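Undergrad: My questions all concern the structure below.
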Amino acid sequence: MDATMIELAPAAQEFGFLELFLRADWVVKAVMGVLIIMSVASWAVAIDKWLSLRSARGKARHFEESFWSGRSIDSLADEFARKPRDPFSRVFAAALREWKGARSGDRVSKAAGAEAARELSRMEGGLGILATISSSAPFVGLFGTVWGIMNAFRSIAASQNTNLAVVAPGIAEALFATALGLLAAIPAVIFFNALSSNLAGYAARLEAFGDELSALADRDEA
Amino acid sequence: MRRALVISLALHGALLVSGLIYFPMAVQPYSSGQIVPVDLVTLSDITNVRARSPDPVVETPPPAEEVPAETPVEQPVEDTPPPAPAESEPEAVTPDPTEAAPEAAEPDAEAEPEVEDPPAPRETPRTPPQQTQQQTQSDALDLDSLSDLVNQSRSQTQTNRATEQGDTQRAIGAGTADNGTLADLIRSQANRCWRNSRDAPNPERLIVNVQVRLNRDGTLAGPPVASNAARIRSSGDPYWQVAQDRALAAIIDCAPYRLPSEQYAQWRLIDVTFRNDTF
């Protein structure tokens with residue numbers, strides 16, 4: 001019993017992470033490296049976007065509460081438009097700049113809409129990276145796997161030996177590339193969908209606020 | 001962005017560390033169960049059982065009154081049951097000095113008491129084949145039991161030795177089939193009660209198909225019927241009529257039959273053919 005345990009232990013260790021990586025072909029190694037970078041980048045973008053979106057929503061809630069609390073436009077402008085920090089404040093500041101003179105409703109609406117569009121496109125900045133990673137990482141991993149399996153079969157042909165033990169390590173390390181690709185792609189897909197739906201909700205609120213500002217400007221003028 | 005990158009790298013590092021710990025543990029070598037070698041066996045329509053080949057070890061040479069002219073080719077290879085006591089002729093069983101148990105090859109039932117006398121040849125050759133045949137011994141149990149039954153009818157001593165050794169694999173099968181049919185099993189057991197009609201002119205035409213109906217314990221469930229009785233009657237051949245009567249009588253006289261009870265569904269109602277042309 002002891003003898004079998006001793007015999008099996010080193011055999012099991014040959015399939016660790018590092019062994020799989022180090023034993024692989026350089027193409028497969030490169031693929032794995034690219035996939036690791038992709039995974040790190042996708043997580044970084046997702047965390048960054050999630051944090052910024054969360055703070056933006058908190059500020060938006062605070063802004064809306066202040067805005068609809070019945071305070072005068074001037075005090076609001078003092079508080080928010082002087083040093084605008086969040087998209088709502090910036091939209092408000094851009095609208096205030098056009099809030100002078102007659103028939104300002106139209107201009108306010110346009111200025112607010114333009115500022116809102118600018119803010120939204122800035123907030124959506126990293127999502128393209130997530131979309132690219134989520135759609136391309138499986139293919140990159142698959143490429144590594146195909147390359148590795150190709151090498152495994154070539155080694156069969158070279159060694160003239162169809163024993164499974166000849167191919168099994170090569171196929172295992174090749175499949176590791178697909179595993180990495182999926183590991184990078186699945187969180188990227190989930191983050192992309194979650195972030196884009198949250199951003200869409202935020203964008204709807206921001207545009208609605210711009211419309212309300214133009215309505216207020218129209219009423220103010222009348 | 002920098003903070004997010006740090007968090008991401010930390011998460012990946014944690015994943016890598018957990019993978020380094022978990023991954024080698026996740027690989028369990030397959031515990032392959034015991035490998036059971038399986039022989040594919042063809043079931044033939046006719047019994048194709050070869051008689052026991054002579055054992056290589058000679059313990060007691062038989063009384064050498066005969067010249068060892070024949071090699072062991074004289075073993076009956078065909079699907080015939082052993083000849084009836086009346087038929088057995090001395091030269092058919094010429095004992096070879098190099099042959100271990102010439103009595104075993106003798107299909108005569110009357111010879112049994114004489115065979116019992118020298119116990120030495122039955123004992124000694126037991127060990128060598130047992131060692132070489134250990135695998136087949138454990139596997140092909142059904143085959144063994146069935147072929148044992150076939151051999152039983154041929155000679156009692158042969159069967160005894162075969163069952164003791166459990167190595168009947170060695171003896172049976174010419175390479176074309178490994179099994180005896182149930183009909184041949186019944187006929188071989190009925191053989192000692194059967195008077196054949198080989199003395200009739202053209203004995204090869206005297207074929208009698210007997211439909212036998214059996215109980216689970218091997219006794220007859222009803223009188224046997226010749227399924228080609230109408231043809232026999234219409235042929236007006238008295239020899240054929242006699243052959244039919246003899247076949248029916250043999251079936252009745254030799255009951256009960258010892259057959260594999262797990263295959264009762266196959267021999268509950270079975271056709272047994274008695275031919276007079278083969279030897």
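Residues are named by chain letter and number: chains run A, B, ... in the order of the structure tokens, numbers start at 1 in each chain, and ligands are numbered from 1 in the order shown.
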Tell me, as a list in words, which residues lie within 8 Å of stretch 148-162 of chain A, counting only C-alpha atoms; anything in the same chain fewer than 3 positions away does not count.
TA: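 In the requested format, the answer is Ala24, Asp25, Val28, Gly144, Thr145, Val166, Val167, Gly170, Ile171, Glu173, Ala174 and Leu175 of chain A.
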Undergrad: Now that the selection is made, can you save its residues with N, CA, C and O atoms as an mmCIF file, in the first residue's frame?
TA:
```cif
data_model
loop_
_atom_site.group_PDB
_atom_site.id
_atom_site.type_symbol
_atom_site.label_atom_id
_atom_site.label_comp_id
_atom_site.auth_asym_id
_atom_site.auth_seq_id
_atom_site.Cartn_x
_atom_site.Cartn_y
_atom_site.Cartn_z
ATOM 1 N N ALA A 24 4.869 23.368 -22.405
ATOM 2 C CA ALA A 24 4.172 23.612 -23.661
ATOM 3 C C ALA A 24 5.089 24.181 -24.729
ATOM 4 O O ALA A 24 6.172 24.696 -24.443
ATOM 5 N N ASP A 25 4.609 24.061 -25.939
ATOM 6 C CA ASP A 25 5.282 24.638 -27.089
ATOM 7 C C ASP A 25 5.324 26.163 -26.955
ATOM 8 O O ASP A 25 4.513 26.751 -26.234
ATOM 9 N N VAL A 28 2.093 27.825 -27.901
ATOM 10 C CA VAL A 28 1.076 27.644 -26.866
ATOM 11 C C VAL A 28 1.388 28.523 -25.664
ATOM 12 O O VAL A 28 0.496 29.102 -25.037
ATOM 13 N N GLY A 144 -4.561 27.917 -29.456
ATOM 14 C CA GLY A 144 -3.497 27.262 -28.700
ATOM 15 C C GLY A 144 -3.734 25.770 -28.581
ATOM 16 O O GLY A 144 -2.816 24.963 -28.717
ATOM 17 N N THR A 145 -4.984 25.391 -28.357
ATOM 18 C CA THR A 145 -5.285 23.968 -28.221
ATOM 19 C C THR A 145 -5.055 23.229 -29.520
ATOM 20 O O THR A 145 -4.483 22.137 -29.540
ATOM 21 N N VAL A 166 1.988 8.737 -24.617
ATOM 22 C CA VAL A 166 2.800 9.630 -25.449
ATOM 23 C C VAL A 166 2.048 10.919 -25.721
ATOM 24 O O VAL A 166 2.601 12.013 -25.684
ATOM 25 N N VAL A 167 0.749 10.812 -25.989
ATOM 26 C CA VAL A 167 -0.028 11.987 -26.382
ATOM 27 C C VAL A 167 -0.644 12.714 -25.208
ATOM 28 O O VAL A 167 -0.901 13.904 -25.289
ATOM 29 N N GLY A 170 0.767 16.115 -23.980
ATOM 30 C CA GLY A 170 0.619 17.173 -24.973
ATOM 31 C C GLY A 170 -0.814 17.643 -25.073
ATOM 32 O O GLY A 170 -1.089 18.852 -25.142
ATOM 33 N N ILE A 171 -1.748 16.709 -25.058
ATOM 34 C CA ILE A 171 -3.155 17.098 -25.177
ATOM 35 C C ILE A 171 -3.595 17.824 -23.919
ATOM 36 O O ILE A 171 -4.356 18.794 -23.977
ATOM 37 N N GLU A 173 -1.770 19.719 -21.965
ATOM 38 C CA GLU A 173 -1.285 21.102 -21.957
ATOM 39 C C GLU A 173 -1.958 21.911 -23.046
ATOM 40 O O GLU A 173 -2.135 23.120 -22.906
ATOM 41 N N ALA A 174 -2.348 21.264 -24.134
ATOM 42 C CA ALA A 174 -3.048 22.001 -25.182
ATOM 43 C C ALA A 174 -4.439 22.414 -24.703
ATOM 44 O O ALA A 174 -4.881 23.545 -24.937
ATOM 45 N N LEU A 175 -5.098 21.504 -24.024
ATOM 46 C CA LEU A 175 -6.440 21.833 -23.533
ATOM 47 C C LEU A 175 -6.378 22.905 -22.454
ATOM 48 O O LEU A 175 -7.345 23.637 -22.232
#
```
Undergrad: At a cut-off of 6 Å, which residues of chain B touch chain A? Count only C-alpha atoms and give the answer as a ChimeraX atom specification.
TA: /B:1,4-5,8,20,23-24,27
Undergrad: Can you work out the spacing between atom CA of B:Gln28 and atom CA of A:Val31 in Å, to one decimal?
TA: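 About the pair atom CA of B:Gln28 and atom CA of A:Val31: they are 27.4 Å apart.
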Undergrad: Hey, what does DSSP flag as alpha helix (DSSP H) within stretch 31-207 of chain A? Can you give it to me as a ChimeraX atom specification?
TA: /A:31-67,73-76,87-97,104-123,127-159,164-207
Undergrad: Which residues come within 12 Å of B:Gly222, counting only C-alpha atoms, excluding same-chain residues fewer than 4 positions away, as a PyMOL selection string?
TA: chain B and resi 211-215+218+248+251-252+255+268-269
Undergrad: Output C-alpha atoms for every residue in the selection just made, as a PDB file, in the first residue's frame.
TA:
```pdb
ATOM      1  CA  GLN B 211     -39.733 -33.887 -30.802  1.00  0.00           C
ATOM      2  CA  VAL B 212     -39.034 -34.218 -27.096  1.00  0.00           C
ATOM      3  CA  ARG B 213     -41.008 -32.471 -24.421  1.00  0.00           C
ATOM      4  CA  LEU B 214     -39.187 -32.270 -21.114  1.00  0.00           C
ATOM      5  CA  ASN B 215     -39.818 -31.228 -17.554  1.00  0.00           C
ATOM      6  CA  GLY B 218     -35.113 -33.728 -17.177  1.00  0.00           C
ATOM      7  CA  LEU B 248     -38.539 -43.031 -29.764  1.00  0.00           C
ATOM      8  CA  ILE B 251     -35.621 -41.250 -25.835  1.00  0.00           C
ATOM      9  CA  ILE B 252     -38.086 -42.904 -23.485  1.00  0.00           C
ATOM     10  CA  ALA B 255     -34.930 -40.364 -19.500  1.00  0.00           C
ATOM     11  CA  ARG B 268     -38.355 -27.567 -22.826  1.00  0.00           C
ATOM     12  CA  LEU B 269     -39.463 -28.511 -26.317  1.00  0.00           C
TER      13      LEU B 269
END
```
Undergrad: Using only C-alpha atoms, determine which residues lie at most 10 Å from A:Ala60, disregarding the query and same-chain residues fewer than 5 positions distant; provide the list as a ChimeraX atom specification.
TA: /A:54-55,65-66,86-89,202,205-206
